[in-house]
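Student: Structure supplied as work12.pdb; contents: PDB, C-alpha atoms and all ligand atoms.
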ATOM      1  CA  MET A  15      95.975  73.422  98.290
ATOM      2  CA  ASP A  16      98.988  71.966  96.442
ATOM      3  CA  ALA A  17      97.827  73.710  93.276
ATOM      4  CA  ILE A  18      97.790  77.049  95.109
ATOM      5  CA  GLU A  19     101.262  76.410  96.519
ATOM      6  CA  ILE A  20     102.655  75.643  93.036
ATOM      7  CA  GLN A  21     101.109  78.867  91.699
ATOM      8  CA  PHE A  22     102.625  80.940  94.511
ATOM      9  CA  LEU A  23     106.038  79.296  94.001
ATOM     10  CA  LYS A  24     106.007  80.632  90.408
ATOM     11  CA  PHE A  25     105.997  84.090  91.921
ATOM     12  CA  ALA A  26     108.411  83.427  94.769
ATOM     13  CA  GLY A  27     110.604  86.242  93.392
ATOM     14  CA  VAL A  28     107.774  88.782  93.701
ATOM     15  CA  LEU A  29     107.015  87.638  97.234
ATOM     16  CA  GLU A  30     110.723  87.889  98.120
ATOM     17  CA  VAL A  31     110.784  91.499  96.866
ATOM     18  CA  VAL A  32     107.684  92.233  98.973
ATOM     19  CA  GLY A  33     109.463  90.717 101.991
ATOM     20  CA  ILE A  34     112.550  92.885 101.416
ATOM     21  CA  ILE A  35     110.357  96.005 101.050
ATOM     22  CA  GLY A  36     108.620  95.020 104.307
ATOM     23  CA  LEU A  37     111.930  94.748 106.158
ATOM     24  CA  ALA A  38     113.156  98.041 104.672
ATOM     25  CA  PHE A  39     109.937  99.678 105.872
ATOM     26  CA  LEU A  40     110.412  98.327 109.414
ATOM     27  CA  LEU A  41     113.884  99.911 109.339
ATOM     28  CA  ALA A  42     112.288 103.170 108.164
ATOM     29  CA  VAL A  43     109.815 103.011 111.094
ATOM     30  CA  ALA A  44     112.689 102.490 113.562
ATOM     31  CA  SER A  45     114.826 105.258 111.971
ATOM     32  CA  GLU A  46     111.957 107.760 111.969
ATOM     33  CA  THR A  47     111.166 106.949 115.606
ATOM     34  CA  PHE A  48     114.803 107.451 116.674
ATOM     35  CA  TRP A  49     114.974 110.681 114.701
ATOM     36  CA  ASP A  50     111.744 112.044 116.201
ATOM     37  CA  VAL A  51     112.863 111.183 119.730
ATOM     38  CA  PHE A  52     116.298 112.751 119.060
ATOM     39  CA  ALA A  53     114.697 115.902 117.640
ATOM     40  CA  VAL A  54     112.175 115.941 120.541
ATOM     41  CA  ARG A  55     109.279 115.699 118.088
ATOM     42  CA  ARG A  56     107.867 112.613 119.787
ATOM     43  CA  ARG A  57     107.863 112.922 123.560
ATOM     44  CA  ARG A  58     105.765 109.856 124.308
ATOM     45  CA  LEU A  59     106.368 106.467 122.749
ATOM     46  CA  GLY A  60     103.174 104.743 123.919
ATOM     47  CA  GLU A  61     101.334 105.159 120.604
ATOM     48  CA  THR A  62     104.397 104.034 118.623
ATOM     49  CA  ALA A  63     104.909 100.960 120.831
ATOM     50  CA  SER A  64     101.229 100.096 120.537
ATOM     51  CA  ASN A  65     101.321 100.483 116.730
ATOM     52  CA  ALA A  66     104.418  98.256 116.539
ATOM     53  CA  PHE A  67     102.858  95.562 118.751
ATOM     54  CA  ILE A  68      99.573  95.618 116.812
ATOM     55  CA  GLY A  69     101.555  95.426 113.541
ATOM     56  CA  ILE A  70     103.705  92.476 114.628
ATOM     57  CA  VAL A  71     100.664  90.459 115.804
ATOM     58  CA  ASN A  72      98.865  91.369 112.574
ATOM     59  CA  ILE A  73     101.778  90.213 110.390
ATOM     60  CA  GLY A  74     101.862  86.937 112.360
ATOM     61  CA  LEU A  75      98.125  86.353 111.878
ATOM     62  CA  GLU A  76      98.167  87.249 108.179
ATOM     63  CA  GLN A  77     101.116  84.925 107.527
ATOM     64  CA  THR A  78      99.276  82.025 109.194
ATOM     65  CA  ALA A  79      95.653  81.224 110.049
ATOM     66  CA  PHE A  80      93.920  84.442 108.971
ATOM     67  CA  GLY A  81      95.947  84.655 105.761
ATOM     68  CA  LEU A  82      94.848  81.102 105.027
ATOM     69  CA  VAL A  83      91.191  82.111 105.499
ATOM     70  CA  PHE A  84      91.772  84.881 102.927
ATOM     71  CA  ILE A  85      93.318  82.461 100.407
ATOM     72  CA  ILE A  86      90.789  79.661 100.951
ATOM     73  CA  GLY A  87      87.875  82.127 100.715
ATOM     74  CA  LEU A  88      89.033  83.289  97.276
ATOM     75  CA  PHE A  89      90.015  79.744  96.237
ATOM     76  CA  LEU A  90      86.441  78.533  96.852
ATOM     77  CA  ALA A  91      85.195  81.164  94.393
ATOM     78  CA  THR A  92      87.527  80.066  91.550
ATOM     79  CA  PRO A  93      85.216  77.349  90.088
ATOM     80  CA  PHE A  94      82.637  80.086  89.423
ATOM     81  CA  ALA A  95      85.000  82.290  87.366
ATOM     82  CA  LEU A  96      83.438  83.503  84.124
ATOM     83  CA  LEU A  97      86.724  83.901  82.221
ATOM     84  CA  GLU A  98      90.290  82.654  82.467
ATOM     85  CA  ILE A  99      92.550  85.696  82.208
ATOM     86  CA  PRO A 100      96.093  84.628  81.202
ATOM     87  CA  TYR A 101      99.309  85.883  82.788
ATOM     88  CA  THR A 102     100.540  88.622  80.448
ATOM     89  CA  TRP A 103     102.077  92.051  81.047
ATOM     90  CA  TRP A 104      98.716  93.692  80.376
ATOM     91  CA  SER A 105      96.818  91.324  82.677
ATOM     92  CA  TRP A 106      99.243  92.203  85.512
ATOM     93  CA  ALA A 107      98.761  95.926  84.883
ATOM     94  CA  LEU A 108      94.991  95.412  84.683
ATOM     95  CA  ALA A 109      94.966  93.277  87.852
ATOM     96  CA  VAL A 110      96.723  96.012  89.845
ATOM     97  CA  LEU A 111      94.314  98.632  88.432
ATOM     98  CA  VAL A 112      91.243  96.513  89.247
ATOM     99  CA  ALA A 113      92.616  95.639  92.719
ATOM    100  CA  ASP A 114      93.142  99.372  93.331
ATOM    101  CA  PHE A 115      89.571 100.141  92.197
ATOM    102  CA  THR A 116      88.247  97.324  94.421
ATOM    103  CA  TYR A 117      90.356  98.644  97.312
ATOM    104  CA  TYR A 118      88.769 102.106  96.908
ATOM    105  CA  TRP A 119      85.250 100.683  97.308
ATOM    106  CA  MET A 120      86.214  98.276 100.107
ATOM    107  CA  HIS A 121      87.852 101.138 101.996
ATOM    108  CA  ARG A 122      84.888 103.445 101.413
ATOM    109  CA  ILE A 123      82.377 100.822 102.596
ATOM    110  CA  GLU A 124      84.559 100.156 105.664
ATOM    111  CA  HIS A 125      84.107 103.827 106.557
ATOM    112  CA  GLU A 126      80.392 103.944 105.778
ATOM    113  CA  VAL A 127      79.131 100.744 107.454
ATOM    114  CA  ARG A 128      79.678 100.760 111.204
ATOM    115  CA  ILE A 129      80.180  97.002 111.727
ATOM    116  CA  LEU A 130      83.059  97.205 109.207
ATOM    117  CA  TRP A 131      84.269 100.549 110.572
ATOM    118  CA  ALA A 132      84.633  98.688 113.892
ATOM    119  CA  TYR A 133      87.757  96.945 112.584
ATOM    120  CA  HIS A 134      89.003  99.627 110.176
ATOM    121  CA  SER A 135      88.822 102.293 112.919
ATOM    122  CA  VAL A 136      91.881 100.603 114.474
ATOM    123  CA  HIS A 137      93.955 102.150 111.664
ATOM    124  CA  HIS A 138      92.484 105.614 112.313
ATOM    125  CA  SER A 139      92.245 105.901 116.072
ATOM    126  CA  SER A 140      95.773 107.143 116.842
ATOM    127  CA  PRO A 141      96.095 110.899 117.431
ATOM    128  CA  GLU A 142      99.618 110.637 115.970
ATOM    129  CA  PHE A 143     100.597 110.100 112.329
ATOM    130  CA  ASN A 144     103.923 108.606 111.279
ATOM    131  CA  PHE A 145     105.328 105.503 109.559
ATOM    132  CA  SER A 146     104.341 103.348 112.540
ATOM    133  CA  THR A 147     100.668 104.222 111.864
ATOM    134  CA  ALA A 148     100.908 102.066 108.712
ATOM    135  CA  LEU A 149     101.475  99.035 110.973
ATOM    136  CA  ARG A 150      98.344  99.757 113.025
ATOM    137  CA  LEU A 151      95.920  97.431 111.244
ATOM    138  CA  SER A 152      93.090  95.438 112.799
ATOM    139  CA  TRP A 153      93.924  91.888 113.833
ATOM    140  CA  ILE A 154      90.704  90.572 112.296
ATOM    141  CA  GLU A 155      90.358  92.551 109.059
ATOM    142  CA  SER A 156      91.643  89.705 106.858
ATOM    143  CA  LEU A 157      88.699  87.590 108.038
ATOM    144  CA  PHE A 158      86.385  90.004 106.179
ATOM    145  CA  GLU A 159      88.368  91.721 103.445
ATOM    146  CA  TRP A 160      88.743  88.690 101.132
ATOM    147  CA  LEU A 161      85.000  88.967 100.417
ATOM    148  CA  PHE A 162      85.549  92.248  98.551
ATOM    149  CA  PHE A 163      87.978  90.534  96.146
ATOM    150  CA  VAL A 164      85.645  87.668  95.174
ATOM    151  CA  PRO A 165      84.399  89.725  92.146
ATOM    152  CA  MET A 166      87.978  89.805  90.774
ATOM    153  CA  ILE A 167      88.077  86.001  90.911
ATOM    154  CA  LEU A 168      84.611  85.749  89.344
ATOM    155  CA  VAL A 169      85.642  88.021  86.466
ATOM    156  CA  GLY A 170      88.531  85.652  85.751
ATOM    157  CA  PHE A 171      91.651  86.933  87.486
ATOM    158  CA  ASP A 172      93.731  84.080  88.827
ATOM    159  CA  LEU A 173      93.886  83.669  92.644
ATOM    160  CA  VAL A 174      97.635  84.317  92.838
ATOM    161  CA  GLN A 175      97.440  87.298  90.499
ATOM    162  CA  THR A 176      94.596  88.779  92.569
ATOM    163  CA  ILE A 177      96.471  88.403  95.854
ATOM    164  CA  ILE A 178      99.773  89.740  94.485
ATOM    165  CA  ALA A 179      97.934  92.730  92.928
ATOM    166  CA  LEU A 180      96.315  93.455  96.324
ATOM    167  CA  VAL A 181      99.671  93.107  98.098
ATOM    168  CA  ILE A 182     101.136  95.682  95.668
ATOM    169  CA  VAL A 183      98.256  98.092  96.470
ATOM    170  CA  VAL A 184      98.759  97.604 100.229
ATOM    171  CA  VAL A 185     102.577  97.727 100.239
ATOM    172  CA  TYR A 186     102.488 100.944  98.160
ATOM    173  CA  GLN A 187     100.703 102.669 101.042
ATOM    174  CA  ASN A 188     103.490 102.237 103.617
ATOM    175  CA  TRP A 189     105.447 105.353 102.595
ATOM    176  CA  ILE A 190     102.448 107.714 102.631
ATOM    177  CA  HIS A 191     102.076 107.634 106.433
ATOM    178  CA  THR A 192     104.358 110.555 107.183
ATOM    179  CA  GLU A 193     104.419 114.287 107.844
ATOM    180  CA  LYS A 194     108.019 114.518 106.646
ATOM    181  CA  ILE A 195     107.098 114.659 102.963
ATOM    182  CA  GLY A 196     105.177 117.813 102.066
ATOM    183  CA  ARG A 197     102.957 118.427  99.068
ATOM    184  CA  LEU A 198     104.118 116.950  95.763
ATOM    185  CA  GLY A 199     102.342 119.179  93.223
ATOM    186  CA  TRP A 200     100.291 117.459  90.530
ATOM    187  CA  LEU A 201     101.186 114.027  91.959
ATOM    188  CA  ASP A 202      98.862 114.759  94.934
ATOM    189  CA  GLY A 203      95.926 114.910  92.511
ATOM    190  CA  VAL A 204      96.742 111.645  90.725
ATOM    191  CA  PHE A 205      98.308 109.321  93.284
ATOM    192  CA  ASN A 206      97.690 108.644  96.953
ATOM    193  CA  THR A 207     100.570 110.650  98.438
ATOM    194  CA  PRO A 208     101.534 111.630 102.006
ATOM    195  CA  SER A 209      99.536 114.867 101.591
ATOM    196  CA  ALA A 210      96.425 113.068 100.272
ATOM    197  CA  HIS A 211      96.662 110.440 102.987
ATOM    198  CA  ARG A 212      97.145 112.933 105.821
ATOM    199  CA  VAL A 213      93.723 114.256 104.808
ATOM    200  CA  HIS A 214      92.298 110.724 105.016
ATOM    201  CA  HIS A 215      93.534 110.406 108.605
ATOM    202  CA  GLY A 216      92.147 113.797 109.632
ATOM    203  CA  CYS A 217      89.132 114.287 111.875
ATOM    204  CA  ASN A 218      88.679 117.968 110.883
ATOM    205  CA  SER A 219      85.105 118.147 109.562
ATOM    206  CA  GLN A 220      86.116 118.822 105.933
ATOM    207  CA  TYR A 221      88.497 115.852 105.949
ATOM    208  CA  LEU A 222      86.042 113.204 107.227
ATOM    209  CA  ASP A 223      85.468 110.324 104.803
ATOM    210  CA  LYS A 224      87.780 111.657 102.108
ATOM    211  CA  ASN A 225      90.638 110.233  99.988
ATOM    212  CA  TYR A 226      89.939 106.487 100.117
ATOM    213  CA  GLY A 227      92.244 105.596  97.205
ATOM    214  CA  GLY A 228      94.981 102.982  97.556
ATOM    215  CA  ILE A 229      97.527 103.839  94.826
ATOM    216  CA  LEU A 230      95.428 106.185  92.689
ATOM    217  CA  ILE A 231      93.553 109.132  94.196
ATOM    218  CA  ILE A 232      91.810 109.513  90.826
ATOM    219  CA  TRP A 233      89.058 107.199  92.122
ATOM    220  CA  ASP A 234      88.185 109.822  94.761
ATOM    221  CA  ARG A 235      88.026 112.543  92.134
ATOM    222  CA  LEU A 236      85.760 110.335  89.990
ATOM    223  CA  PHE A 237      83.411 109.391  92.831
ATOM    224  CA  GLY A 238      83.279 112.718  94.713
ATOM    225  CA  THR A 239      85.369 111.942  97.806
ATOM    226  CA  TYR A 240      88.547 113.908  96.990
ATOM    227  CA  GLU A 241      89.802 116.633  99.324
ATOM    228  CA  PRO A 242      93.189 118.350  98.951
ATOM    229  CA  GLU A 243      95.213 119.188 102.059
ATOM    230  CA  GLY A 244      94.376 122.650 103.338
ATOM    231  CA  GLU A 245      94.277 123.530 107.029
ATOM    232  CA  LYS A 246      96.482 121.628 109.485
ATOM    233  CA  VAL A 247      95.288 118.067 109.939
ATOM    234  CA  ILE A 248      94.060 116.905 113.352
ATOM    235  CA  TYR A 249      94.634 113.151 113.392
ATOM    236  CA  GLY A 250      92.412 110.483 114.897
ATOM    237  CA  VAL A 251      88.695 109.839 115.193
ATOM    238  CA  THR A 252      85.908 112.117 116.375
ATOM    239  CA  GLU A 253      85.391 109.994 119.512
ATOM    240  CA  PRO A 254      88.944 109.301 120.797
ATOM    241  CA  VAL A 255      89.857 105.850 122.088
ATOM    242  CA  ASN A 256      92.114 107.328 124.826
ATOM    243  CA  SER A 257      94.040 104.091 125.244
ATOM    244  CA  ILE A 258      97.249 102.534 124.023
ATOM    245  CA  ASN A 259      96.125  99.042 125.065
ATOM    246  CA  PRO A 260      96.160  96.958 121.838
ATOM    247  CA  LEU A 261      93.117  94.938 122.955
ATOM    248  CA  VAL A 262      91.072  98.089 123.635
ATOM    249  CA  ILE A 263      92.201  99.603 120.315
ATOM    250  CA  ASN A 264      91.240  96.450 118.388
ATOM    251  CA  PHE A 265      87.867  95.745 119.951
ATOM    252  CA  CYS A 266      86.444  98.850 121.687
ATOM    253  CA  GLU A 267      84.174  99.813 118.781
ATOM    254  CA  TYR A 268      82.470  96.394 118.945
ATOM    255  CA  TRP A 269      81.718  97.069 122.618
ATOM    256  CA  TYR A 270      80.242 100.493 121.760
ATOM    257  CA  ILE A 271      78.080  98.895 119.053
ATOM    258  CA  ALA A 272      76.885  96.213 121.503
ATOM    259  CA  LYS A 273      75.961  98.921 124.045
ATOM    260  CA  ASP A 274      74.038 100.896 121.387
ATOM    261  CA  ILE A 275      72.184  97.745 120.280
ATOM    262  CA  MET A 276      71.291  96.866 123.895
ATOM    263  CA  GLY A 277      69.817 100.354 124.242
ATOM    264  CA  SER A 278      67.813 100.093 120.986
ATOM    265  CA  LYS A 279      64.041 100.377 121.120
ATOM    266  CA  THR A 280      63.334  98.641 117.800
ATOM    267  CA  VAL A 281      64.947  96.024 115.540
ATOM    268  CA  GLY A 282      65.322  98.707 112.874
ATOM    269  CA  GLU A 283      67.288 100.874 115.274
ATOM    270  CA  ALA A 284      69.554  97.944 116.212
ATOM    271  CA  LEU A 285      70.177  97.217 112.518
ATOM    272  CA  GLY A 286      70.912 100.903 112.002
ATOM    273  CA  TYR A 287      73.698 100.710 114.579
ATOM    274  CA  LEU A 288      75.198  97.772 112.694
ATOM    275  CA  PHE A 289      74.850  98.788 109.078
ATOM    276  CA  ARG A 290      74.520 102.575 108.907
ATOM    277  CA  GLY A 291      77.364 105.066 109.253
ATOM    278  CA  PRO A 292      79.556 105.189 112.377
ATOM    279  CA  GLY A 293      77.927 108.365 113.733
ATOM    280  CA  TRP A 294      74.343 107.320 113.046
ATOM    281  CA  GLY A 295      71.677 107.585 115.731
ATOM    282  CA  PRO A 296      67.871 107.584 115.660
ATOM    283  CA  GLU A 297      67.360 110.856 117.516
ATOM    284  CA  GLN A 298      66.265 113.940 115.633
ATOM    285  CA  LYS A 299      68.992 116.544 115.515
ATOM    286  CA  PRO A 300      67.808 119.413 113.311
ATOM    287  CA  ALA A 301      70.489 121.749 112.092
ATOM    288  CA  PRO A 302      70.141 125.300 113.460
ATOM    289  CA  GLY A 303      67.446 127.158 111.546
ATOM    290  CA  LYS A 304      66.142 124.019 109.840
ATOM    291  CA  ALA A 305      63.063 121.921 110.492
ATOM    292  CA  ALA A 306      63.587 118.448 111.931
ATOM    293  CA  LEU A 307      64.036 115.985 109.075
ATOM    294  CA  GLY A 308      63.606 112.755 110.993
ATOM    295  CA  ILE A 309      66.288 110.042 111.040
ATOM    296  CA  GLU A 310      69.607 111.413 109.913
ATOM    297  CA  GLU A 311      73.338 110.915 110.023
ATOM    298  CA  LYS A 312      75.056 112.588 112.970
ATOM    299  CA  GLY A 313      78.399 112.705 111.152
ATOM    300  CA  LYS A 314      81.074 110.198 110.421
ATOM    301  CA  SER A 315      83.927 109.116 112.589
ATOM    302  CA  GLY A 316      86.945 108.812 110.293
TER
HETATM  303 ZN    ZN B 401      90.489 104.578 106.211
END
Translate this file's structure into structure tokens.
Ligand SMILES: [Zn+2]

Tutor:
Amino acid sequence: MDAIEIQFLKFAGVLEVVGIIGLAFLLAVASETFWDVFAVRRRRLGETASNAFIGIVNIGLEQTAFGLVFIIGLFLATPFALLEIPYTWWSWALAVLVADFTYYWMHRIEHEVRILWAYHSVHHSSPEFNFSTALRLSWIESLFEWLFFVPMILVGFDLVQTIIALVIVVVYQNWIHTEKIGRLGWLDGVFNTPSAHRVHHGCNSQYLDKNYGGILIIWDRLFGTYEPEGEKVIYGVTEPVNSINPLVINFCEYWYIAKDIMGSKTVGEALGYLFRGPGWGPEQKPAPGKAALGIEEKGKSG
């Protein structure tokens, strides 16, 4: 672990900048909240308080035990690296690009596999959308998400470079959780912007499972999941949580999965509830005017 610490110390400056950006963002959350209350745009503060509490606990966990799991998980993969990519300007640019690409697929899989959606849904379940929504991240996601970055280590990116590249991708996304910035022209088709990300948080049918990108929205255009902002976005999930209790928000989907599994008639059905999409069910639901097609997706929940 000493070796890891020495590596991180080399980039103490970068981590300090990230810390300053984090504090500035917390100030932005507080300022926006005060402004919304002053302008009577936010009448209830329950969702905001819940987001803030979930965010503070999450930061605490990621700075300690769960963050350590993330680092150790990737560290254990380092002996199996195929290459040794040096620290150069181009390797930093490439690392951020590859981390952003990896983030796209991690995020997409988290929406498409229900057992992973169970933790990612925490970020989506608020019916409100503002800077504080960026803080609403599952308490346990870092226990799973390191697995998606093992390929970066195996290709030859250094552990520290991989983690800093991921932090850049995540920190970038703070500012896009707002309704106060409208459309930004061509930027909305290249980068993940407030407009693109509002779509991602929408539960209108045409917005479900769209715009997974972290920094670049180009990945969505390449892989067929891009949707520009059109009609007014309705935020939240298709089956509302109806609670501001942080424990309910963090773990309710696991309870719903357990109930579905307990009601399963076959092992295949139980596995379907774990590994198929969030809205999946075994019952036949033919679309009007169409013949029954057997097992099908009922629709996603994002
Ligand atoms: Zn999402």

Student: For chain A against ligand ZN 401 (chain B), with a cut-off of 10 Å and counting all atoms listed in the file, what is the closest atom pair and its distance in Å to one decimal for every residue that makes the cut, ordered by chain and number, as JSON lines?

Tutor:
{"residue": "A:Tyr118", "atom": "CA", "partner": "B:ZN401", "partner_atom": "ZN", "distance": 9.8}
{"residue": "A:Met120", "atom": "CA", "partner": "B:ZN401", "partner_atom": "ZN", "distance": 9.8}
{"residue": "A:His121", "atom": "CA", "partner": "B:ZN401", "partner_atom": "ZN", "distance": 6.0}
{"residue": "A:Arg122", "atom": "CA", "partner": "B:ZN401", "partner_atom": "ZN", "distance": 7.5}
{"residue": "A:Ile123", "atom": "CA", "partner": "B:ZN401", "partner_atom": "ZN", "distance": 9.6}
{"residue": "A:Glu124", "atom": "CA", "partner": "B:ZN401", "partner_atom": "ZN", "distance": 7.4}
{"residue": "A:His125", "atom": "CA", "partner": "B:ZN401", "partner_atom": "ZN", "distance": 6.4}
{"residue": "A:Trp131", "atom": "CA", "partner": "B:ZN401", "partner_atom": "ZN", "distance": 8.6}
{"residue": "A:His134", "atom": "CA", "partner": "B:ZN401", "partner_atom": "ZN", "distance": 6.5}
{"residue": "A:Ser135", "atom": "CA", "partner": "B:ZN401", "partner_atom": "ZN", "distance": 7.3}
{"residue": "A:Val136", "atom": "CA", "partner": "B:ZN401", "partner_atom": "ZN", "distance": 9.3}
{"residue": "A:His137", "atom": "CA", "partner": "B:ZN401", "partner_atom": "ZN", "distance": 6.9}
{"residue": "A:His138", "atom": "CA", "partner": "B:ZN401", "partner_atom": "ZN", "distance": 6.5}
{"residue": "A:His211", "atom": "CA", "partner": "B:ZN401", "partner_atom": "ZN", "distance": 9.1}
{"residue": "A:His214", "atom": "CA", "partner": "B:ZN401", "partner_atom": "ZN", "distance": 6.5}
{"residue": "A:His215", "atom": "CA", "partner": "B:ZN401", "partner_atom": "ZN", "distance": 7.0}
{"residue": "A:Gly216", "atom": "CA", "partner": "B:ZN401", "partner_atom": "ZN", "distance": 10.0}
{"residue": "A:Leu222", "atom": "CA", "partner": "B:ZN401", "partner_atom": "ZN", "distance": 9.8}
{"residue": "A:Asp223", "atom": "CA", "partner": "B:ZN401", "partner_atom": "ZN", "distance": 7.8}
{"residue": "A:Lys224", "atom": "CA", "partner": "B:ZN401", "partner_atom": "ZN", "distance": 8.6}
{"residue": "A:Asn225", "atom": "CA", "partner": "B:ZN401", "partner_atom": "ZN", "distance": 8.4}
{"residue": "A:Tyr226", "atom": "CA", "partner": "B:ZN401", "partner_atom": "ZN", "distance": 6.4}
{"residue": "A:Gly227", "atom": "CA", "partner": "B:ZN401", "partner_atom": "ZN", "distance": 9.2}
{"residue": "A:Gly228", "atom": "CA", "partner": "B:ZN401", "partner_atom": "ZN", "distance": 9.9}
{"residue": "A:Gly316", "atom": "CA", "partner": "B:ZN401", "partner_atom": "ZN", "distance": 6.9}

Student: Using all atoms listed in the file, find each residue of region 163-249 of chain A with at least one atom at most 8 Å away from an atom of region 90-99 of chain A; report its shortest atom-to-atom pair and that distance in Å (one decimal), sort the rows by chain and rising residue number, and return the result as JSON lines.

Tutor:
{"residue": "A:Val164", "atom": "CA", "partner": "A:Ala91", "partner_atom": "CA", "distance": 6.6}
{"residue": "A:Ile167", "atom": "CA", "partner": "A:Ala95", "partner_atom": "CA", "distance": 6.0}
{"residue": "A:Leu168", "atom": "CA", "partner": "A:Ala95", "partner_atom": "CA", "distance": 4.0}
{"residue": "A:Val169", "atom": "CA", "partner": "A:Leu96", "partner_atom": "CA", "distance": 5.5}
{"residue": "A:Gly170", "atom": "CA", "partner": "A:Leu97", "partner_atom": "CA", "distance": 4.3}
{"residue": "A:Phe171", "atom": "CA", "partner": "A:Ile99", "partner_atom": "CA", "distance": 5.5}
{"residue": "A:Asp172", "atom": "CA", "partner": "A:Ile99", "partner_atom": "CA", "distance": 6.9}
{"residue": "A:Leu173", "atom": "CA", "partner": "A:Thr92", "partner_atom": "CA", "distance": 7.4}

Student: Around (105.1, 87.7, 101.4) in the file's frame, which residues reach within 12 Å when counting only C-alpha atoms? Return as a list in words?

Tutor: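 Those residues lying close to the given coordinates are Phe22, Leu23, Phe25, Ala26, Gly27, Val28, Leu29, Glu30, Val31, Val32, Gly33, Ile34, Ile35, Gly36, Leu37, Ile73, Gly74, Glu76, Gln77, Thr78, Gly81, Val174, Ile177, Ile178, Leu180, Val181, Ile182, Val184 and Val185 of chain A.
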
Student: Would you kindly return, as a PDB file with C-alpha atoms, keeping the file's coordinate frame, each protein, DNA or RNA residue with an atom no farther than 12 Å from any atom of Ile232 (chain A), considering only C-alpha atoms and excluding same-chain residues fewer than 6 positions away?

Tutor:
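Saved to result05.pdb:
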ATOM      1  CA  LEU A 111      94.314  98.632  88.432  1.00  0.00           C
ATOM      2  CA  ASP A 114      93.142  99.372  93.331  1.00  0.00           C
ATOM      3  CA  PHE A 115      89.571 100.141  92.197  1.00  0.00           C
ATOM      4  CA  TYR A 118      88.769 102.106  96.908  1.00  0.00           C
ATOM      5  CA  TRP A 200     100.291 117.459  90.530  1.00  0.00           C
ATOM      6  CA  LEU A 201     101.186 114.027  91.959  1.00  0.00           C
ATOM      7  CA  ASP A 202      98.862 114.759  94.934  1.00  0.00           C
ATOM      8  CA  GLY A 203      95.926 114.910  92.511  1.00  0.00           C
ATOM      9  CA  VAL A 204      96.742 111.645  90.725  1.00  0.00           C
ATOM     10  CA  PHE A 205      98.308 109.321  93.284  1.00  0.00           C
ATOM     11  CA  ASN A 206      97.690 108.644  96.953  1.00  0.00           C
ATOM     12  CA  THR A 207     100.570 110.650  98.438  1.00  0.00           C
ATOM     13  CA  ALA A 210      96.425 113.068 100.272  1.00  0.00           C
ATOM     14  CA  ASN A 225      90.638 110.233  99.988  1.00  0.00           C
ATOM     15  CA  TYR A 226      89.939 106.487 100.117  1.00  0.00           C
ATOM     16  CA  GLY A 238      83.279 112.718  94.713  1.00  0.00           C
ATOM     17  CA  THR A 239      85.369 111.942  97.806  1.00  0.00           C
ATOM     18  CA  TYR A 240      88.547 113.908  96.990  1.00  0.00           C
ATOM     19  CA  GLU A 241      89.802 116.633  99.324  1.00  0.00           C
TER      20      GLU A 241
END

Student: Could you name the residues that touch Trp189 (chain A) at 8 Å or less, counting only C-alpha atoms, but leaving out those on the same chain fewer than 6 positions away, as a PyMOL selection string?

Tutor: chain A and resi 39+145+208

Student: What is the distance between CA of Glu46 (chain A) and CA of Ala66 (chain A), in Å to one decimal?

Tutor: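 A separation of 13.0 Å between them.
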
Student: Any idea what the distance is between CA of Val54 (chain A) and CA of Asn144 (chain A)?

Tutor: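 So the two atoms, CA of Val54 (chain A) and CA of Asn144 (chain A), lie 14.4 Å apart.
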
Student: Care to translate the PyMOL selection byres (((chain A and resi 249-251) around 8) and not hetatm) into actual residues of this file, as a list of chain:residue names?

Tutor: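 Matching residues under the PyMOL selection byres (((chain A and resi 249-251) around 8) and not hetatm) are A:Ser135, A:His138, A:Ser139, A:Ser140, A:Pro141, A:Glu142, A:Phe143, A:Arg212, A:His215, A:Gly216, A:Cys217, A:Val247, A:Ile248, A:Thr252, A:Glu253, A:Pro254, A:Ser315, A:Gly316.
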
Student: So how far away is CA of Glu159 (chain A) from CA of Leu88 (chain A), in Å?

Tutor: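 About the pair CA of Leu88 (chain A) and CA of Glu159 (chain A): they are 10.5 Å apart.
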
Student: Which residue is closest to Ile229 (chain A)? Choose from A:Gln175, A:Asn65, A:Thr116, A:Asn256 and count all atoms listed in the file.

Tutor: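 Closest to Ile229 (chain A) of all the choices is A:Thr116.
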
Student: Do a neighbour search on Arg128 (chain A) at 8 Å with all atoms listed in the file, toss out local chain neighbours closer than 3 positions, and write the hits as an MDAnalysis selection string.

Tutor: chainID A and resid 124:125 131:132 287:292

Student: Can you tell me, as lines of an AutoDock Vina configuration file, the centre and edge lengths (Å, one decimal) of the axis-aligned box enclosing all of region 183-188 of chain A's listed atoms after padding each side by 3 Å?

Tutor:
center_x = 100.9
center_y = 100.1
center_z = 100.0
size_x = 11.2
size_y = 11.1
size_z = 13.1

Student: Could I get the residues of region 248-277 of chain A with an atom no further than 10 Å from an atom of region 146-156 of chain A, each paired with its nearest atom pair and that distance in Å to one decimal, using all atoms listed in the file, sorted by chain and residue number, as JSON lines?

Tutor:
{"residue": "A:Pro260", "atom": "CA", "partner": "A:Arg150", "partner_atom": "CA", "distance": 9.5}
{"residue": "A:Leu261", "atom": "CA", "partner": "A:Trp153", "partner_atom": "CA", "distance": 9.7}
{"residue": "A:Ile263", "atom": "CA", "partner": "A:Ser152", "partner_atom": "CA", "distance": 8.6}
{"residue": "A:Asn264", "atom": "CA", "partner": "A:Ser152", "partner_atom": "CA", "distance": 6.0}
{"residue": "A:Phe265", "atom": "CA", "partner": "A:Ser152", "partner_atom": "CA", "distance": 8.9}

Student: Select, from A:Leu59, A:Tyr133, A:Tyr186, A:Val112, the residue with the minimum atom-to-atom distance to Val262 (chain A), counting all atoms listed in the file.

Tutor: A:Tyr133

Student: Considering all atoms listed in the file, state which residue in the set A:Arg55, A:Trp160, A:Ser64, A:Ala38 is at the smallest distance from Val83 (chain A).

Tutor: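 When distances to Val83 (chain A) are compared using all atoms listed in the file, the smallest one comes from A:Trp160.
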